[in-house]
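Novice: This is my_file-v4.cif (mmCIF, C-alpha atoms, pLDDT in the B column; chains and numbers go by the auth columns).
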```
data_final
loop_
_atom_site.group_PDB
_atom_site.id
_atom_site.type_symbol
_atom_site.label_atom_id
_atom_site.label_comp_id
_atom_site.label_asym_id
_atom_site.label_seq_id
_atom_site.Cartn_x
_atom_site.Cartn_y
_atom_site.Cartn_z
_atom_site.B_iso_or_equiv
_atom_site.auth_seq_id
_atom_site.auth_asym_id
ATOM 1 C CA MET A 1 -36.152 -30.299 -117.637 80.00 485 W
ATOM 2 C CA GLU A 2 -36.926 -33.833 -116.406 76.00 486 W
ATOM 3 C CA ASP A 3 -36.928 -32.565 -112.831 80.00 487 W
ATOM 4 C CA VAL A 4 -39.491 -29.781 -113.330 86.00 488 W
ATOM 5 C CA GLU A 5 -42.479 -32.066 -112.636 86.00 489 W
ATOM 6 C CA ARG A 6 -41.009 -33.215 -109.309 81.00 490 W
ATOM 7 C CA LEU A 7 -40.466 -29.587 -108.326 81.00 491 W
ATOM 8 C CA ARG A 8 -44.025 -28.628 -109.317 87.00 492 W
ATOM 9 C CA GLU A 9 -45.386 -31.407 -107.082 85.00 493 W
ATOM 10 C CA ARG A 10 -43.465 -29.976 -104.149 80.00 494 W
ATOM 11 C CA LEU A 11 -45.194 -26.620 -104.593 87.00 495 W
ATOM 12 C CA ASP A 12 -48.404 -28.230 -103.291 87.00 496 W
ATOM 13 C CA GLN A 13 -46.713 -29.413 -100.096 88.00 497 W
ATOM 14 C CA ALA A 14 -46.766 -27.271 -96.979 89.00 498 W
ATOM 15 C CA PRO A 15 -43.283 -25.936 -96.201 87.00 499 W
ATOM 16 C CA PRO A 16 -41.621 -27.029 -92.956 91.00 500 W
ATOM 17 C CA GLU A 17 -42.114 -24.699 -90.009 92.00 501 W
ATOM 18 C CA MET A 18 -38.354 -24.209 -89.630 97.00 502 W
ATOM 19 C CA VAL A 19 -35.374 -24.952 -91.862 97.00 503 W
ATOM 20 C CA LEU A 20 -31.669 -25.133 -91.072 96.00 504 W
ATOM 21 C CA ILE A 21 -28.998 -23.504 -93.196 95.00 505 W
ATOM 22 C CA GLY A 22 -25.233 -23.452 -92.680 89.00 506 W
ATOM 23 C CA ARG A 23 -22.833 -20.556 -92.388 88.00 507 W
ATOM 24 C CA ARG A 24 -19.107 -19.893 -92.263 78.00 508 W
ATOM 25 C CA HIS A 25 -17.105 -17.368 -90.300 71.00 509 W
ATOM 26 C CA LEU A 26 -14.226 -15.412 -91.781 69.00 510 W
ATOM 27 C CA ARG A 27 -11.677 -16.880 -89.345 64.00 511 W
ATOM 28 C CA SER A 28 -13.278 -20.306 -89.331 66.00 512 W
ATOM 29 C CA ASN A 29 -13.589 -21.496 -92.909 64.00 513 W
ATOM 30 C CA ASN A 30 -12.178 -24.928 -92.069 64.00 514 W
ATOM 31 C CA SER A 31 -12.347 -26.981 -88.905 66.00 515 W
ATOM 32 C CA TRP A 32 -8.530 -27.015 -88.481 63.00 516 W
ATOM 33 C CA MET A 33 -8.747 -23.258 -87.859 65.00 517 W
ATOM 34 C CA HIS A 34 -10.592 -24.042 -84.604 66.00 518 W
ATOM 35 C CA ASN A 35 -7.302 -25.297 -83.162 62.00 519 W
ATOM 36 C CA VAL A 36 -5.554 -21.921 -83.576 72.00 520 W
ATOM 37 C CA GLY A 37 -6.054 -19.897 -80.397 73.00 521 W
ATOM 38 C CA THR A 38 -6.018 -16.476 -82.061 72.00 522 W
ATOM 39 C CA LEU A 39 -8.749 -17.538 -84.487 71.00 523 W
ATOM 40 C CA VAL A 40 -11.332 -19.069 -82.132 72.00 524 W
ATOM 41 C CA GLY A 41 -12.298 -15.940 -80.196 69.00 525 W
ATOM 42 C CA GLY A 42 -14.379 -12.951 -81.105 67.00 526 W
ATOM 43 C CA SER A 43 -17.303 -13.479 -83.439 65.00 527 W
ATOM 44 C CA ASN A 44 -16.389 -17.070 -84.280 60.00 528 W
ATOM 45 C CA ARG A 45 -19.018 -18.690 -82.139 81.00 529 W
ATOM 46 C CA CYS A 46 -20.897 -21.907 -82.638 83.00 530 W
ATOM 47 C CA THR A 47 -24.379 -20.562 -81.982 91.00 531 W
ATOM 48 C CA LEU A 48 -27.764 -21.104 -83.570 95.00 532 W
ATOM 49 C CA GLN A 49 -28.757 -17.871 -85.245 96.00 533 W
ATOM 50 C CA ILE A 50 -32.509 -17.415 -84.991 98.00 534 W
ATOM 51 C CA ASN A 51 -34.892 -14.553 -85.645 98.00 535 W
ATOM 52 C CA PRO A 52 -36.126 -12.824 -82.444 98.00 536 W
ATOM 53 C CA ALA A 53 -39.743 -13.351 -83.572 98.00 537 W
ATOM 54 C CA ASP A 54 -39.152 -17.132 -83.560 98.00 538 W
ATOM 55 C CA VAL A 55 -37.525 -16.900 -80.116 98.00 539 W
ATOM 56 C CA ALA A 56 -40.641 -15.137 -78.778 98.00 540 W
ATOM 57 C CA ARG A 57 -43.111 -17.385 -80.629 97.00 541 W
ATOM 58 C CA LEU A 58 -41.444 -20.559 -79.349 97.00 542 W
ATOM 59 C CA GLY A 59 -40.857 -19.232 -75.820 97.00 543 W
ATOM 60 C CA LEU A 60 -37.112 -19.842 -76.007 98.00 544 W
ATOM 61 C CA GLU A 61 -34.416 -18.549 -73.695 96.00 545 W
ATOM 62 C CA GLN A 62 -30.615 -18.873 -73.981 95.00 546 W
ATOM 63 C CA GLN A 63 -30.459 -22.488 -75.157 96.00 547 W
ATOM 64 C CA ALA A 64 -32.769 -24.765 -77.117 97.00 548 W
ATOM 65 C CA VAL A 65 -33.004 -28.223 -78.599 98.00 549 W
ATOM 66 C CA ILE A 66 -32.897 -28.484 -82.386 97.00 550 W
ATOM 67 C CA THR A 67 -34.160 -31.734 -83.876 97.00 551 W
ATOM 68 C CA SER A 68 -34.206 -33.081 -87.425 96.00 552 W
ATOM 69 C CA ALA A 69 -35.161 -36.453 -88.893 94.00 553 W
ATOM 70 C CA THR A 70 -31.614 -37.681 -88.204 95.00 554 W
ATOM 71 C CA GLY A 71 -30.455 -36.080 -84.975 96.00 555 W
ATOM 72 C CA ARG A 72 -30.818 -33.763 -82.040 97.00 556 W
ATOM 73 C CA LEU A 73 -28.542 -31.098 -80.519 95.00 557 W
ATOM 74 C CA THR A 74 -28.643 -28.684 -77.608 95.00 558 W
ATOM 75 C CA VAL A 75 -27.531 -25.290 -78.869 94.00 559 W
ATOM 76 C CA THR A 76 -26.856 -21.784 -77.596 93.00 560 W
ATOM 77 C CA LEU A 77 -29.133 -19.255 -79.276 96.00 561 W
ATOM 78 C CA GLU A 78 -28.027 -16.071 -81.004 95.00 562 W
ATOM 79 C CA PRO A 79 -31.148 -14.032 -81.762 97.00 563 W
ATOM 80 C CA THR A 80 -30.588 -11.770 -84.760 97.00 564 W
ATOM 81 C CA ASP A 81 -32.842 -9.943 -87.163 97.00 565 W
ATOM 82 C CA THR A 82 -30.319 -10.640 -89.929 96.00 566 W
ATOM 83 C CA ILE A 83 -31.920 -14.057 -90.434 97.00 567 W
ATOM 84 C CA MET A 84 -35.517 -14.381 -91.569 97.00 568 W
ATOM 85 C CA ALA A 85 -38.214 -15.940 -89.426 98.00 569 W
ATOM 86 C CA GLY A 86 -38.546 -19.674 -90.056 98.00 570 W
ATOM 87 C CA VAL A 87 -34.827 -20.111 -90.772 98.00 571 W
ATOM 88 C CA VAL A 88 -32.054 -21.018 -88.321 98.00 572 W
ATOM 89 C CA SER A 89 -28.330 -21.218 -88.981 96.00 573 W
ATOM 90 C CA LEU A 90 -25.477 -23.251 -87.487 94.00 574 W
ATOM 91 C CA PRO A 91 -21.868 -22.698 -88.575 87.00 575 W
ATOM 92 C CA HIS A 92 -19.925 -25.308 -90.495 79.00 576 W
ATOM 93 C CA GLY A 93 -17.060 -27.336 -89.058 70.00 577 W
ATOM 94 C CA TRP A 94 -17.720 -27.533 -85.305 70.00 578 W
ATOM 95 C CA GLY A 95 -18.299 -30.471 -82.963 61.00 579 W
ATOM 96 C CA HIS A 96 -14.837 -31.047 -81.502 59.00 580 W
ATOM 97 C CA ALA A 97 -15.821 -32.721 -78.213 67.00 581 W
ATOM 98 C CA GLY A 98 -13.235 -35.385 -77.400 68.00 582 W
ATOM 99 C CA SER A 99 -10.786 -34.063 -80.001 69.00 583 W
ATOM 100 C CA ALA A 100 -7.059 -34.498 -79.430 72.00 584 W
ATOM 101 C CA GLN A 101 -6.687 -30.894 -80.618 70.00 585 W
ATOM 102 C CA ALA A 102 -6.559 -29.023 -77.302 69.00 586 W
ATOM 103 C CA VAL A 103 -7.766 -25.591 -78.431 67.00 587 W
ATOM 104 C CA ALA A 104 -10.547 -27.025 -80.587 60.00 588 W
ATOM 105 C CA ALA A 105 -11.709 -29.273 -77.735 60.00 589 W
ATOM 106 C CA GLU A 106 -11.953 -26.231 -75.427 64.00 590 W
ATOM 107 C CA HIS A 107 -14.284 -24.584 -77.959 64.00 591 W
ATOM 108 C CA ALA A 108 -16.044 -27.755 -79.094 57.00 592 W
ATOM 109 C CA GLY A 109 -19.371 -26.422 -80.309 73.00 593 W
ATOM 110 C CA VAL A 110 -21.821 -28.765 -82.028 76.00 594 W
ATOM 111 C CA SER A 111 -21.722 -30.430 -85.422 81.00 595 W
ATOM 112 C CA ALA A 112 -24.475 -29.469 -87.866 86.00 596 W
ATOM 113 C CA ASN A 113 -23.757 -32.797 -89.588 85.00 597 W
ATOM 114 C CA VAL A 114 -25.722 -34.510 -86.808 90.00 598 W
ATOM 115 C CA LEU A 115 -28.837 -32.862 -88.252 93.00 599 W
ATOM 116 C CA THR A 116 -28.257 -33.621 -91.931 89.00 600 W
ATOM 117 C CA ASP A 117 -29.275 -36.819 -93.678 84.00 601 W
ATOM 118 C CA ASP A 118 -26.415 -38.370 -95.628 81.00 602 W
ATOM 119 C CA SER A 119 -28.930 -40.061 -97.918 83.00 603 W
ATOM 120 C CA ALA A 120 -30.634 -36.767 -98.900 84.00 604 W
ATOM 121 C CA ILE A 121 -29.287 -35.880 -102.342 80.00 605 W
ATOM 122 C CA ASP A 122 -30.068 -32.929 -104.580 81.00 606 W
ATOM 123 C CA ILE A 123 -31.364 -34.773 -107.624 79.00 607 W
ATOM 124 C CA PRO A 124 -30.115 -32.542 -110.467 81.00 608 W
ATOM 125 C CA SER A 125 -26.574 -32.096 -109.084 85.00 609 W
ATOM 126 C CA GLY A 126 -26.079 -35.276 -107.054 85.00 610 W
ATOM 127 C CA ASN A 127 -24.727 -33.217 -104.137 86.00 611 W
ATOM 128 C CA ALA A 128 -25.584 -33.849 -100.498 82.00 612 W
ATOM 129 C CA VAL A 129 -28.286 -31.579 -99.059 83.00 613 W
ATOM 130 C CA PHE A 130 -26.927 -29.367 -96.273 81.00 614 W
ATOM 131 C CA ASN A 131 -29.316 -26.408 -96.509 87.00 615 W
ATOM 132 C CA GLY A 132 -33.063 -26.190 -96.119 91.00 616 W
ATOM 133 C CA VAL A 133 -33.059 -29.126 -93.674 94.00 617 W
ATOM 134 C CA PRO A 134 -36.445 -29.322 -91.897 95.00 618 W
ATOM 135 C CA VAL A 135 -35.987 -28.931 -88.129 97.00 619 W
ATOM 136 C CA THR A 136 -37.960 -28.259 -84.982 97.00 620 W
ATOM 137 C CA ILE A 137 -36.789 -26.003 -82.172 97.00 621 W
ATOM 138 C CA ALA A 138 -37.912 -26.439 -78.572 97.00 622 W
ATOM 139 C CA SER A 139 -36.946 -25.093 -75.163 95.00 623 W
ATOM 140 C CA LEU A 140 -34.830 -27.258 -72.869 89.00 624 W
#
```
Represent the structure from my file as structure tokens, please.
Specialist:
Amino acid sequence: MEDVERLRERLDQAPPEMVLIGRRHLRSNNSWMHNVGTLVGGSNRCTLQINPADVARLGLEQQAVITSATGRLTVTLEPTDTIMAGVVSLPHGWGHAGSAQAVAAEHAGVSANVLTDDSAIDIPSGNAVFNGVPVTIASL
């Protein structure tokens, strides 16, 4: 109950234009699975899911730059109407560039951790904040 006042104050703030959420793939629940050749193909792609309306509104093409308060990545876009406008999603566990794991390095992807702030903590639970991260998206 102590946290209700803080939450009420946030209701008066304008929401960010875009927020980042994570996702997992069935054959990619953990990063070690990215080093198993039979598991890295198919739908297990490290793409930024984005609503087609946001793609059109922002004038994006196949790739874009996603920026947060802590980092910046160039990402391949995956327009889909299964994600609501104003929300983008990167899968968990990627970013294997330079890895000694040969298969994973071939399918490096990008790490969503670059965009999250390790000092942002959910106050009631004490957990790190990985979803609802304010971001901007821009063309290359």
Novice: Under the rule that all atoms listed in the file are counted, which of W:Leu523, W:Val503, W:Leu557, W:Val598 is the nearest residue to Ser573 (chain W)?
Specialist: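 Result for the nearest residue to Ser573 (chain W): W:Val503.
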Novice: To verify the selection step, state as an MDAnalysis selection string which residues the PyMOL selection byres ((chain W and resi 547) around 12) yields on this input.
Specialist: chainID W and resid 531:534 539 542:546 548:550 557:563 621:624
Novice: Give as a ChimeraX atom specification the residues that the PyMOL selection byres ((chain W and resi 565) around 8) matches when applied to the coordinates above.
Specialist: /W:534-536,563-564,566-568
Novice: Go through W:Leu574, W:Met502, W:Leu491, W:Ala584 and flag the residue nearest Gly616 (chain W), using all atoms listed in the file for the distances.
Specialist: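 Closest to Gly616 (chain W), using all atoms listed in the file: W:Met502.
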Novice: Provide the CA of Pro499 (chain W) to CA of Ala537 (chain W) distance in Å, to one decimal place.
Specialist: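 CA of Pro499 (chain W) sits 18.2 Å away from CA of Ala537 (chain W).
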Novice: List the residues sitting within 8 Å of (-31.2, -27.3, -94.6) in the file's frame, using all atoms listed in the file, as a ChimeraX atom specification.
Specialist: /W:503-506,600,613-618
Novice: Expanded to explicit residues, what is the PyMOL selection byres ((chain W and resi 607) around 12) for this file, as a list of chain:residue names?
Specialist: W:Met485, W:Glu486, W:Asp487, W:Val488, W:Arg490, W:Leu491, W:Ser603, W:Ala604, W:Ile605, W:Asp606, W:Pro608, W:Ser609, W:Gly610, W:Asn611, W:Ala612, W:Val613
Novice: Emit the selected residues as a PDB file, in the coordinates of the input, including C-alpha atoms.
Specialist:
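Below is the file selection-v9.pdb, written as the result:
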```
ATOM      1  CA  MET W 485     -36.152 -30.299-117.637  1.00 80.00           C
ATOM      2  CA  GLU W 486     -36.926 -33.833-116.406  1.00 76.00           C
ATOM      3  CA  ASP W 487     -36.928 -32.565-112.831  1.00 80.00           C
ATOM      4  CA  VAL W 488     -39.491 -29.781-113.330  1.00 86.00           C
ATOM      5  CA  ARG W 490     -41.009 -33.215-109.309  1.00 81.00           C
ATOM      6  CA  LEU W 491     -40.466 -29.587-108.326  1.00 81.00           C
ATOM      7  CA  SER W 603     -28.930 -40.061 -97.918  1.00 83.00           C
ATOM      8  CA  ALA W 604     -30.634 -36.767 -98.900  1.00 84.00           C
ATOM      9  CA  ILE W 605     -29.287 -35.880-102.342  1.00 80.00           C
ATOM     10  CA  ASP W 606     -30.068 -32.929-104.580  1.00 81.00           C
ATOM     11  CA  PRO W 608     -30.115 -32.542-110.467  1.00 81.00           C
ATOM     12  CA  SER W 609     -26.574 -32.096-109.084  1.00 85.00           C
ATOM     13  CA  GLY W 610     -26.079 -35.276-107.054  1.00 85.00           C
ATOM     14  CA  ASN W 611     -24.727 -33.217-104.137  1.00 86.00           C
ATOM     15  CA  ALA W 612     -25.584 -33.849-100.498  1.00 82.00           C
ATOM     16  CA  VAL W 613     -28.286 -31.579 -99.059  1.00 83.00           C
TER      17      VAL W 613
END
```
Novice: Please, what distance in Å, to one decimal, runs between CA of Arg494 (chain W) and CA of Val619 (chain W)?
Specialist: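 We find that CA of Arg494 (chain W) and CA of Val619 (chain W) lie 17.7 Å from each other.
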Novice: Between CA of Ala569 (chain W) and CA of Glu493 (chain W), what is the distance in Å, rounded to a tenth?
Specialist: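 Atom-to-atom, CA of Ala569 (chain W) and CA of Glu493 (chain W) are spaced 24.5 Å apart.
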Novice: So, counting all atoms listed in the file, which residue among W:Gly521, W:His509, W:Thr551, W:Ala498 is closest to Gln585 (chain W)?
Specialist: W:Gly521
